[in-house]
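Printed here is run36.pdb (PDB, C-alpha atoms):
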```pdb
MODEL        1
ATOM      1  CA  MET H 276       0.000   0.000   0.000  1.00  0.00           C
ATOM      2  CA  SER H 277       1.436   3.384  -0.970  1.00  0.00           C
ATOM      3  CA  ASP H 278       1.412   6.637   0.925  1.00  0.00           C
ATOM      4  CA  THR H 279      -1.353   9.155   0.290  1.00  0.00           C
ATOM      5  CA  ALA H 280      -0.690  12.873   0.601  1.00  0.00           C
ATOM      6  CA  PHE H 281      -3.218  14.615   2.852  1.00  0.00           C
ATOM      7  CA  ILE H 282      -4.019  18.242   3.560  1.00  0.00           C
ATOM      8  CA  VAL H 283      -4.970  18.700   7.223  1.00  0.00           C
ATOM      9  CA  LEU H 284      -6.591  21.941   8.372  1.00  0.00           C
ATOM     10  CA  PHE H 285      -6.860  22.851  12.035  1.00  0.00           C
ATOM     11  CA  ARG H 286      -9.685  25.092  13.152  1.00  0.00           C
ATOM     12  CA  GLY H 287      -9.019  28.130  15.327  1.00  0.00           C
ATOM     13  CA  VAL H 288      -5.331  27.796  16.185  1.00  0.00           C
ATOM     14  CA  ASN H 289      -3.006  30.783  16.517  1.00  0.00           C
ATOM     15  CA  VAL H 290      -5.812  33.285  15.951  1.00  0.00           C
ATOM     16  CA  GLY H 291      -5.419  36.513  17.908  1.00  0.00           C
ATOM     17  CA  GLY H 292      -2.881  34.962  20.276  1.00  0.00           C
ATOM     18  CA  ASN H 293      -5.364  32.296  21.395  1.00  0.00           C
ATOM     19  CA  LYS H 294      -4.917  28.519  21.253  1.00  0.00           C
ATOM     20  CA  VAL H 295      -1.256  28.839  20.391  1.00  0.00           C
ATOM     21  CA  ALA H 296       0.311  25.856  18.647  1.00  0.00           C
ATOM     22  CA  ARG H 297       3.854  26.198  17.334  1.00  0.00           C
ATOM     23  CA  MET H 298       4.119  24.722  13.859  1.00  0.00           C
ATOM     24  CA  GLU H 299       7.677  23.533  14.532  1.00  0.00           C
ATOM     25  CA  THR H 300       6.386  21.462  17.455  1.00  0.00           C
ATOM     26  CA  LEU H 301       3.425  20.217  15.421  1.00  0.00           C
ATOM     27  CA  ARG H 302       5.702  19.032  12.600  1.00  0.00           C
ATOM     28  CA  LYS H 303       7.899  17.212  15.122  1.00  0.00           C
ATOM     29  CA  VAL H 304       5.092  15.370  16.945  1.00  0.00           C
ATOM     30  CA  LEU H 305       3.316  14.407  13.725  1.00  0.00           C
ATOM     31  CA  GLY H 306       6.562  12.961  12.389  1.00  0.00           C
ATOM     32  CA  GLU H 307       7.007  11.053  15.642  1.00  0.00           C
ATOM     33  CA  ALA H 308       3.432   9.747  15.275  1.00  0.00           C
ATOM     34  CA  GLY H 309       4.507   8.030  12.068  1.00  0.00           C
ATOM     35  CA  PHE H 310       3.440  10.471   9.377  1.00  0.00           C
ATOM     36  CA  GLY H 311       5.769  11.192   6.493  1.00  0.00           C
ATOM     37  CA  LYS H 312       6.812  14.371   4.684  1.00  0.00           C
ATOM     38  CA  VAL H 313       5.199  16.607   7.325  1.00  0.00           C
ATOM     39  CA  ALA H 314       5.177  20.251   6.267  1.00  0.00           C
ATOM     40  CA  THR H 315       3.247  23.272   7.514  1.00  0.00           C
ATOM     41  CA  TYR H 316       2.178  26.468   5.818  1.00  0.00           C
ATOM     42  CA  ILE H 317       1.886  29.727   7.762  1.00  0.00           C
ATOM     43  CA  GLN H 318       0.944  29.688  11.423  1.00  0.00           C
ATOM     44  CA  SER H 319      -2.797  29.031  11.153  1.00  0.00           C
ATOM     45  CA  GLY H 320      -2.800  25.247  11.179  1.00  0.00           C
ATOM     46  CA  ASN H 321      -2.247  24.074   7.612  1.00  0.00           C
ATOM     47  CA  VAL H 322      -0.405  20.766   7.363  1.00  0.00           C
ATOM     48  CA  VAL H 323       0.558  18.513   4.478  1.00  0.00           C
ATOM     49  CA  LEU H 324       1.687  14.981   5.296  1.00  0.00           C
ATOM     50  CA  THR H 325       1.687  11.451   3.959  1.00  0.00           C
ATOM     51  CA  SER H 326       0.359   8.226   5.404  1.00  0.00           C
ATOM     52  CA  VAL H 327      -0.704   4.718   4.404  1.00  0.00           C
ATOM     53  CA  ARG H 328      -3.656   4.996   6.802  1.00  0.00           C
ATOM     54  CA  PRO H 329      -7.163   6.030   5.682  1.00  0.00           C
ATOM     55  CA  ALA H 330      -8.217   9.657   6.200  1.00  0.00           C
ATOM     56  CA  ALA H 331     -10.500   9.017   9.193  1.00  0.00           C
ATOM     57  CA  GLU H 332      -7.724   7.189  11.054  1.00  0.00           C
ATOM     58  CA  VAL H 333      -5.202   9.917  10.197  1.00  0.00           C
ATOM     59  CA  ALA H 334      -7.586  12.576  11.548  1.00  0.00           C
ATOM     60  CA  ALA H 335      -8.215  10.659  14.790  1.00  0.00           C
ATOM     61  CA  ILE H 336      -4.497  10.177  15.456  1.00  0.00           C
ATOM     62  CA  ILE H 337      -3.737  13.822  14.704  1.00  0.00           C
ATOM     63  CA  GLU H 338      -6.490  15.126  16.996  1.00  0.00           C
ATOM     64  CA  LYS H 339      -5.229  12.900  19.837  1.00  0.00           C
ATOM     65  CA  VAL H 340      -1.557  13.854  19.370  1.00  0.00           C
ATOM     66  CA  PHE H 341      -2.461  17.533  19.055  1.00  0.00           C
ATOM     67  CA  ALA H 342      -4.489  17.595  22.295  1.00  0.00           C
ATOM     68  CA  GLU H 343      -1.779  15.703  24.195  1.00  0.00           C
ATOM     69  CA  THR H 344       0.918  18.055  22.904  1.00  0.00           C
ATOM     70  CA  PHE H 345      -0.765  21.443  23.197  1.00  0.00           C
ATOM     71  CA  GLY H 346      -3.252  20.887  26.026  1.00  0.00           C
ATOM     72  CA  PHE H 347      -6.340  21.862  24.023  1.00  0.00           C
ATOM     73  CA  SER H 348      -8.242  20.273  21.184  1.00  0.00           C
ATOM     74  CA  SER H 349      -8.699  21.430  17.642  1.00  0.00           C
ATOM     75  CA  ARG H 350     -11.027  19.752  15.182  1.00  0.00           C
ATOM     76  CA  VAL H 351      -9.274  18.878  11.950  1.00  0.00           C
ATOM     77  CA  THR H 352     -10.585  18.783   8.430  1.00  0.00           C
ATOM     78  CA  ILE H 353      -8.727  16.402   6.157  1.00  0.00           C
ATOM     79  CA  ARG H 354      -8.697  15.920   2.396  1.00  0.00           C
ATOM     80  CA  SER H 355      -6.519  13.774   0.164  1.00  0.00           C
ATOM     81  CA  ALA H 356      -4.350  15.565  -2.373  1.00  0.00           C
ATOM     82  CA  ASP H 357      -6.621  14.191  -5.122  1.00  0.00           C
ATOM     83  CA  ALA H 358      -9.740  15.591  -3.437  1.00  0.00           C
ATOM     84  CA  TRP H 359      -7.959  18.927  -2.940  1.00  0.00           C
ATOM     85  CA  GLY H 360      -7.074  18.974  -6.627  1.00  0.00           C
ATOM     86  CA  ARG H 361     -10.761  18.515  -7.491  1.00  0.00           C
ATOM     87  CA  ILE H 362     -11.645  21.450  -5.245  1.00  0.00           C
ATOM     88  CA  VAL H 363      -9.237  23.630  -7.201  1.00  0.00           C
ATOM     89  CA  ALA H 364     -10.338  22.293 -10.599  1.00  0.00           C
ATOM     90  CA  ASP H 365     -14.043  22.789  -9.800  1.00  0.00           C
ATOM     91  CA  ASN H 366     -13.659  26.443  -8.745  1.00  0.00           C
ATOM     92  CA  PRO H 367     -16.728  28.235 -10.174  1.00  0.00           C
ATOM     93  CA  PHE H 368     -15.156  31.691  -9.748  1.00  0.00           C
ATOM     94  CA  PRO H 369     -12.108  31.890 -12.022  1.00  0.00           C
ATOM     95  CA  GLN H 370     -12.023  35.664 -11.515  1.00  0.00           C
ATOM     96  CA  GLY H 371     -10.988  34.902  -7.928  1.00  0.00           C
ATOM     97  CA  ALA H 372      -7.614  33.769  -9.227  1.00  0.00           C
ATOM     98  CA  ASP H 373      -6.885  37.428 -10.031  1.00  0.00           C
ATOM     99  CA  ASP H 374      -7.261  38.358  -6.356  1.00  0.00           C
ATOM    100  CA  PRO H 375      -6.967  35.167  -4.290  1.00  0.00           C
ATOM    101  CA  LYS H 376      -7.655  36.947  -0.994  1.00  0.00           C
ATOM    102  CA  ARG H 377     -11.241  37.570  -2.185  1.00  0.00           C
ATOM    103  CA  LEU H 378     -11.950  33.922  -2.996  1.00  0.00           C
ATOM    104  CA  HIS H 379     -12.293  31.366  -0.216  1.00  0.00           C
ATOM    105  CA  ALA H 380     -12.795  27.639  -0.022  1.00  0.00           C
ATOM    106  CA  VAL H 381     -14.919  26.783   3.001  1.00  0.00           C
ATOM    107  CA  LEU H 382     -14.346  23.083   3.703  1.00  0.00           C
ATOM    108  CA  LEU H 383     -17.519  21.411   4.936  1.00  0.00           C
ATOM    109  CA  ASP H 384     -17.244  18.166   6.890  1.00  0.00           C
ATOM    110  CA  GLU H 385     -20.971  17.506   6.425  1.00  0.00           C
ATOM    111  CA  ALA H 386     -23.533  18.622   3.877  1.00  0.00           C
ATOM    112  CA  PRO H 387     -25.606  21.567   5.102  1.00  0.00           C
ATOM    113  CA  ALA H 388     -29.375  21.361   4.954  1.00  0.00           C
ATOM    114  CA  ALA H 389     -30.906  22.939   1.849  1.00  0.00           C
ATOM    115  CA  GLY H 390     -32.827  25.401   4.025  1.00  0.00           C
ATOM    116  CA  ALA H 391     -29.588  26.523   5.660  1.00  0.00           C
ATOM    117  CA  VAL H 392     -28.012  27.243   2.283  1.00  0.00           C
ATOM    118  CA  GLU H 393     -31.021  29.360   1.305  1.00  0.00           C
ATOM    119  CA  ARG H 394     -30.868  31.282   4.618  1.00  0.00           C
ATOM    120  CA  LEU H 395     -27.192  31.952   3.965  1.00  0.00           C
ATOM    121  CA  ARG H 396     -27.971  33.142   0.432  1.00  0.00           C
ATOM    122  CA  GLU H 397     -30.345  35.761   1.913  1.00  0.00           C
ATOM    123  CA  LEU H 398     -27.410  37.276   3.847  1.00  0.00           C
ATOM    124  CA  ALA H 399     -25.199  37.799   0.803  1.00  0.00           C
ATOM    125  CA  THR H 400     -24.574  41.341  -0.362  1.00  0.00           C
ATOM    126  CA  PRO H 401     -25.132  42.045  -4.066  1.00  0.00           C
ATOM    127  CA  SER H 402     -21.393  41.630  -4.739  1.00  0.00           C
ATOM    128  CA  GLU H 403     -20.972  38.350  -2.813  1.00  0.00           C
ATOM    129  CA  ARG H 404     -21.550  35.013  -4.430  1.00  0.00           C
ATOM    130  CA  PHE H 405     -21.177  31.449  -3.305  1.00  0.00           C
ATOM    131  CA  VAL H 406     -21.605  27.968  -4.689  1.00  0.00           C
ATOM    132  CA  VAL H 407     -21.855  24.785  -2.642  1.00  0.00           C
ATOM    133  CA  GLY H 408     -19.970  21.847  -4.118  1.00  0.00           C
ATOM    134  CA  GLU H 409     -19.066  18.434  -2.798  1.00  0.00           C
ATOM    135  CA  GLY H 410     -17.552  19.079   0.642  1.00  0.00           C
ATOM    136  CA  VAL H 411     -16.817  22.719  -0.125  1.00  0.00           C
ATOM    137  CA  LEU H 412     -18.480  26.087  -0.310  1.00  0.00           C
ATOM    138  CA  TYR H 413     -16.764  28.504  -2.678  1.00  0.00           C
ATOM    139  CA  LEU H 414     -17.174  32.083  -1.460  1.00  0.00           C
ATOM    140  CA  PHE H 415     -16.310  35.023  -3.678  1.00  0.00           C
ATOM    141  CA  ALA H 416     -16.309  38.159  -1.512  1.00  0.00           C
ATOM    142  CA  PRO H 417     -14.906  41.010  -3.630  1.00  0.00           C
ATOM    143  CA  ASP H 418     -15.453  43.542  -0.832  1.00  0.00           C
ATOM    144  CA  GLY H 419     -13.405  41.418   1.585  1.00  0.00           C
ATOM    145  CA  ILE H 420     -14.268  38.646   3.978  1.00  0.00           C
ATOM    146  CA  GLY H 421     -13.649  40.794   7.054  1.00  0.00           C
ATOM    147  CA  THR H 422     -16.774  42.862   6.438  1.00  0.00           C
ATOM    148  CA  SER H 423     -18.930  40.058   5.061  1.00  0.00           C
ATOM    149  CA  LYS H 424     -22.104  39.367   7.057  1.00  0.00           C
ATOM    150  CA  LEU H 425     -22.448  36.151   5.098  1.00  0.00           C
ATOM    151  CA  ALA H 426     -19.002  34.944   6.199  1.00  0.00           C
ATOM    152  CA  ALA H 427     -19.647  36.000   9.795  1.00  0.00           C
ATOM    153  CA  ALA H 428     -22.895  34.004   9.923  1.00  0.00           C
ATOM    154  CA  MET H 429     -21.686  30.897   8.115  1.00  0.00           C
ATOM    155  CA  ASP H 430     -20.981  28.795  11.229  1.00  0.00           C
ATOM    156  CA  ARG H 431     -24.307  29.590  12.823  1.00  0.00           C
ATOM    157  CA  VAL H 432     -26.468  29.325   9.711  1.00  0.00           C
ATOM    158  CA  LEU H 433     -24.946  26.236   8.101  1.00  0.00           C
ATOM    159  CA  ASP H 434     -24.519  24.463  11.458  1.00  0.00           C
ATOM    160  CA  VAL H 435     -21.932  21.968  10.168  1.00  0.00           C
ATOM    161  CA  PRO H 436     -18.229  21.596  10.975  1.00  0.00           C
ATOM    162  CA  LEU H 437     -16.315  23.894   8.634  1.00  0.00           C
ATOM    163  CA  THR H 438     -13.098  25.815   8.177  1.00  0.00           C
ATOM    164  CA  ALA H 439     -12.152  28.365   5.531  1.00  0.00           C
ATOM    165  CA  ARG H 440      -8.969  29.189   3.648  1.00  0.00           C
ATOM    166  CA  ASN H 441      -8.309  31.920   1.110  1.00  0.00           C
ATOM    167  CA  TRP H 442      -7.506  30.861  -2.431  1.00  0.00           C
ATOM    168  CA  ARG H 443      -3.805  31.697  -2.106  1.00  0.00           C
ATOM    169  CA  THR H 444      -3.575  29.183   0.751  1.00  0.00           C
ATOM    170  CA  VAL H 445      -5.644  26.636  -1.196  1.00  0.00           C
ATOM    171  CA  LEU H 446      -3.251  26.839  -4.154  1.00  0.00           C
ATOM    172  CA  THR H 447      -0.142  26.729  -1.970  1.00  0.00           C
ATOM    173  CA  LEU H 448      -1.400  23.618  -0.164  1.00  0.00           C
ATOM    174  CA  LEU H 449      -2.106  21.936  -3.512  1.00  0.00           C
ATOM    175  CA  GLU H 450       1.455  22.639  -4.609  1.00  0.00           C
ATOM    176  CA  MET H 451       2.844  21.316  -1.310  1.00  0.00           C
ATOM    177  CA  ALA H 452       0.717  18.149  -1.549  1.00  0.00           C
ATOM    178  CA  GLY H 453       1.956  17.591  -5.084  1.00  0.00           C
ATOM    179  CA  LYS H 454       5.544  17.671  -3.854  1.00  0.00           C
ATOM    180  CA  ALA H 455       4.724  15.284  -0.993  1.00  0.00           C
ATOM    181  CA  ALA H 456       2.905  12.761  -3.186  1.00  0.00           C
TER     182      ALA H 456
ENDMDL
END
```
Have the structure of the file written as structure tokens, please.
Amino acid sequence: MSDTAFIVLFRGVNVGGNKVARMETLRKVLGEAGFGKVATYIQSGNVVLTSVRPAAEVAAIIEKVFAETFGFSSRVTIRSADAWGRIVADNPFPQGADDPKRLHAVLLDEAPAAGAVERLRELATPSERFVVGEGVLYLFAPDGIGTSKLAAAMDRVLDVPLTARNWRTVLTLLEMAGKAA
């Protein structure tokens, strides 16, 4: 059985000086836990690694090691490099590539209810657009995500485990996963 490259996203680490997790330490403990080619990108909990284990097992081990190491838990979202590549290929907003800080991939660990998606759509400003795909919500927010009422309400309205990354991060993680594969 060959190694699979995975992208692992931690939710809510190193944001505003809260839930601090040093990436150097995280790389070390994940390597010690048996994962290969462990690499991190920026300080907000983006990891690329390889493993022969299935995704669910990888996620469970990582969550356990993380909590033991840092003294708090962080839910992880995990995708194979192939699944990540499909997320990039299926991007419905190619104009977002021109300004990747305005385009976001919101990784959904469960499918939101149809009614929740419609409630979220009602919050969008005229310039904001989003499309829900398989395991991802693509959000194009040309006025910025920091002022977006839609983005601010996403957790509450969709009511599913999620984490978001801007398109620059999405593309960088794809490149890193390609090198690890």
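Remark: residues at most 6 Å from position (-6.5, 22.2, 17.7) in file coordinates are Phe285, Val288, Ser348, Ser349 and Arg350 of chain H, using only C-alpha atoms.
With only the atoms specified (all atoms listed in the file) counting, those residues at most 10 Å away from (-11.4, 46.1, -2.3) are Asp374, Lys376, Arg377, Ala416, Pro417, Asp418 and Gly419 of chain H.
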Skip Phe281 in chain H itself and residues of its chain fewer than 3 positions away, then list as a short mmCIF file (atom, residue, chain, number, x, y, z; two decimals) with C-alpha atoms, in the coordinates of the input all residues within 7 Å of it, counting all atoms listed in the file.
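Contents of the output file out.cif:
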```cif
data_model
loop_
_atom_site.label_atom_id
_atom_site.label_comp_id
_atom_site.auth_asym_id
_atom_site.auth_seq_id
_atom_site.Cartn_x
_atom_site.Cartn_y
_atom_site.Cartn_z
CA VAL H 323 0.56 18.51 4.48
CA LEU H 324 1.69 14.98 5.30
CA THR H 325 1.69 11.45 3.96
CA ILE H 353 -8.73 16.40 6.16
CA ARG H 354 -8.70 15.92 2.40
CA SER H 355 -6.52 13.77 0.16
CA ALA H 356 -4.35 15.56 -2.37
CA ALA H 452 0.72 18.15 -1.55
#
```
Legend entry - Explicit residues for the PyMOL selection byres ((chain H and resi 411) around 8) (as an MDAnalysis selection string): chainID H and resid 362 380:383 407:410 412:413
Would you mind exporting the chosen residues as a compact mmCIF listing (two decimals), in the frame of the given file, restricted to C-alpha atoms?
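Printed below is again_33.txt as written:
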```txt
# COMPACT_ATOMS: atom_id res chain seq x y z
CA ILE H 362 -11.64 21.45 -5.24
CA ALA H 380 -12.80 27.64 -0.02
CA VAL H 381 -14.92 26.78 3.00
CA LEU H 382 -14.35 23.08 3.70
CA LEU H 383 -17.52 21.41 4.94
CA VAL H 407 -21.86 24.78 -2.64
CA GLY H 408 -19.97 21.85 -4.12
CA GLU H 409 -19.07 18.43 -2.80
CA GLY H 410 -17.55 19.08 0.64
CA LEU H 412 -18.48 26.09 -0.31
CA TYR H 413 -16.76 28.50 -2.68
```
Test item: the PyMOL selection byres ((chain H and resi 396) around 12) resolved as a tab-separated table (two decimals) with C-alpha atoms, in the coordinates of the input:
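Listing of expr_11.tsv after writing:
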```
chain	number	residue	atom	x	y	z
H	389	ALA	CA	-30.91	22.94	1.85
H	390	GLY	CA	-32.83	25.40	4.03
H	391	ALA	CA	-29.59	26.52	5.66
H	392	VAL	CA	-28.01	27.24	2.28
H	393	GLU	CA	-31.02	29.36	1.30
H	394	ARG	CA	-30.87	31.28	4.62
H	395	LEU	CA	-27.19	31.95	3.96
H	397	GLU	CA	-30.34	35.76	1.91
H	398	LEU	CA	-27.41	37.28	3.85
H	399	ALA	CA	-25.20	37.80	0.80
H	400	THR	CA	-24.57	41.34	-0.36
H	401	PRO	CA	-25.13	42.04	-4.07
H	402	SER	CA	-21.39	41.63	-4.74
H	403	GLU	CA	-20.97	38.35	-2.81
H	404	ARG	CA	-21.55	35.01	-4.43
H	405	PHE	CA	-21.18	31.45	-3.30
H	406	VAL	CA	-21.60	27.97	-4.69
H	407	VAL	CA	-21.86	24.78	-2.64
H	412	LEU	CA	-18.48	26.09	-0.31
H	414	LEU	CA	-17.17	32.08	-1.46
H	424	LYS	CA	-22.10	39.37	7.06
H	425	LEU	CA	-22.45	36.15	5.10
H	426	ALA	CA	-19.00	34.94	6.20
H	428	ALA	CA	-22.90	34.00	9.92
H	429	MET	CA	-21.69	30.90	8.12
H	432	VAL	CA	-26.47	29.32	9.71
H	433	LEU	CA	-24.95	26.24	8.10
```
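Of the residues under consideration (H:Ala296, H:Ile317, H:Val327, H:Ala372), H:Ala372 shows the shortest atom-to-atom contact distance to Phe415 in chain H when counting all atoms listed in the file.
Computed from the coordinates, the CA of Arg302 in chain H to CA of Asp384 in chain H distance equals 23.7 Å.
Using only C-alpha atoms, the smallest distance between any of H:Ala358, H:Leu284, H:Ala386, H:Val304 and Glu343 in chain H comes from H:Val304.
Of note, CA of Ala314 in chain H and CA of Met451 in chain H are spaced 8.0 Å apart.
Rounded to one decimal, CA of Val322 in chain H and CA of Val283 in chain H lie 5.0 Å from each other.
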Legend entry - Contact residues around Leu305 in chain H with all atoms listed in the file at 12 Å, ignoring same-chain residues under 3 positions, as a count of residues only: 29
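Each of H:Phe368, H:Thr352, H:Glu450, H:Ser423 was checked against Val435 in chain H using all atoms listed in the file; the smallest atom-to-atom distance is that of H:Thr352.
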